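First the structure, in the form of structure tokens, and then the observations on it.
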Amino acid sequence: MISGKLIPGILFLIAVCTIAMQKPQTYPVKRIYGYKQSIIKGVKPQNNATAISEKQFVYLLVKQDSKIDVAHVWLNGAEVDFSVQDVKTPVLLDLENPTLNKPRQLTLVPKRDGHLQQVVLAGIKHTTSRAIPNHLKTFELLIAYQHSGKTYYLGCKKLKLLPTEVNP
């Protein structure tokens with residue numbers, strides 16, 4: 001016969017074993033790759049100032065057996081329009097003005113298992129459809145995506161800076 005004092009201990013052990021055997025949370029996106037590149041557009045003849053802009057390169061590596069839908073993208077706190085397209089790995093960037101002793105191409109995404117989606121940013125939305133959750137406002141890039149009816153957030157605190165491109 002089991003004494004009444006052992007029953008709570010046995011129940012506690014069963015609960016701990018059950019929790020330990022549960023499958024850990026897995027996410028459909030394996031990794032996010034985020035880059036930004038400054039572009040110098042040459043000299044404006046009116047005031048001799050150079051025009052500098054940026055372009056971003058964003059890729060999501062999704063598990064082979066998963067499908068996601070990107071719902072929202074924010075860049076520096078502003079929601080942006082975007083499109084998503086499937087691309088193949090590796091992703092290489094040709095450098096327009098390579099400096100000495102630098103490779104002609106940079107590998108943005110190495111060859112990986114899974115399928116790769118490029119998120120192409122188009123510009124700031126004029127009407128914001130969703131605000132950034134407060135605890136995620138420190139991200140330079142933030143993406144909300146849906147998978148199996150749940151919404152997930154993924155982001156980059158800072159986008160990796162690529163060499164500057166100069167266009168005449």
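Naming works like this for the structure tokens: A, B, ... for the chains as they're shown, residue 1 at the start of each chain, ligands 1 onward in shown order.
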
Region 112-117 of chain A surroundings by only C-alpha atoms, 12 Å radius, close-in-sequence under 2 positions cut, as a VMD selection string = chain A and resid 28 to 33 57 to 70 83 to 91 108 to 110 119 to 120

Within 7 Å of Gln56 (chain A), counting only C-alpha atoms, which residues show up once you throw out same-chain ones fewer than 2 positions away? Write them as a JSON list (two decimals) with N, CA and C atoms, in the first residue's frame, please.
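Result file is out_19.json:
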```json
[["chain", "number", "residue", "atom", "x", "y", "z"],
["A", 35, "TYR", "N", 20.14, 42.35, -45.16],
["A", 35, "TYR", "CA", 21.28, 43.19, -45.55],
["A", 35, "TYR", "C", 20.75, 44.54, -46.02],
["A", 36, "LYS", "N", 21.62, 45.56, -45.92],
["A", 36, "LYS", "CA", 21.33, 46.85, -46.54],
["A", 36, "LYS", "C", 22.59, 47.35, -47.22],
["A", 37, "GLN", "N", 22.38, 48.09, -48.29],
["A", 37, "GLN", "CA", 23.49, 48.60, -49.08],
["A", 37, "GLN", "C", 23.21, 50.06, -49.43],
["A", 54, "GLU", "N", 19.29, 53.74, -49.97],
["A", 54, "GLU", "CA", 19.61, 52.39, -49.52],
["A", 54, "GLU", "C", 18.70, 51.39, -50.20],
["A", 58, "VAL", "N", 16.39, 40.91, -48.27],
["A", 58, "VAL", "CA", 15.82, 40.13, -47.17],
["A", 58, "VAL", "C", 15.43, 38.76, -47.70]]
```

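Take the candidates A:Ala71, A:Asn76, A:Thr26, A:Gly34 and check each one against Ile124 (chain A) using only C-alpha atoms; the shortest distance goes to A:Asn76.
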
Contacts of Lys137 (chain A) within 7 Å, only C-alpha atoms, excl. fewer than 4 positions in-chain, as a PDB file with N, CA and C atoms, in the first residue's frame:
```pdb
ATOM      1  N   GLY A  77      10.553  50.806 -38.134  1.00  0.00           N
ATOM      2  CA  GLY A  77       9.286  51.165 -37.490  1.00  0.00           C
ATOM      3  C   GLY A  77       8.156  51.529 -38.428  1.00  0.00           C
ATOM      4  N   ILE A 132       3.292  47.797 -34.853  1.00  0.00           N
ATOM      5  CA  ILE A 132       4.303  46.872 -34.315  1.00  0.00           C
ATOM      6  C   ILE A 132       4.007  46.651 -32.831  1.00  0.00           C
ATOM      7  N   PRO A 133       4.040  45.402 -32.382  1.00  0.00           N
ATOM      8  CA  PRO A 133       3.920  45.172 -30.937  1.00  0.00           C
ATOM      9  C   PRO A 133       5.048  45.900 -30.192  1.00  0.00           C
TER      10      PRO A 133
END
```

message = DSSP on the backbone, strand (DSSP E) only: what residues of region 65-151 of chain A does that give? Format it as a PyMOL selection string.
response = chain A and resi 69-75+78-87+91-94+105-109+115-124+141-147+150-151

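The neighbours of Ser129 (chain A) here are the residues that come within 12 Å of it, using only C-alpha atoms and leaving out any residue fewer than 6 positions away in the same chain; they are Ala71, His72, Val73, Trp74, Ala78, Glu79, Val80 and Asp81 of chain A.
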
task = One decimal, Å: what's the distance from CA of Arg104 (chain A) over to CA of Val166 (chain A), could you say?
result = 14.9 Å

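Atom to atom, CA of Phe82 (chain A) and CA of Lys158 (chain A) stand 19.1 Å apart.
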
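Relative to CA of Gln105 (chain A), CA of Glu165 (chain A) is found at 12.9 Å.
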
inquiry  = From the options A:Leu162, A:Leu92, A:Gln118, A:Thr151, which residue's atoms come nearest to Leu106 (chain A), counting only C-alpha atoms?
reply    = A:Leu92

query = A:Leu75, A:His126, A:Lys41, A:Thr107: which is nearest Lys157 (chain A), counting only C-alpha atoms?
reply = A:Leu75
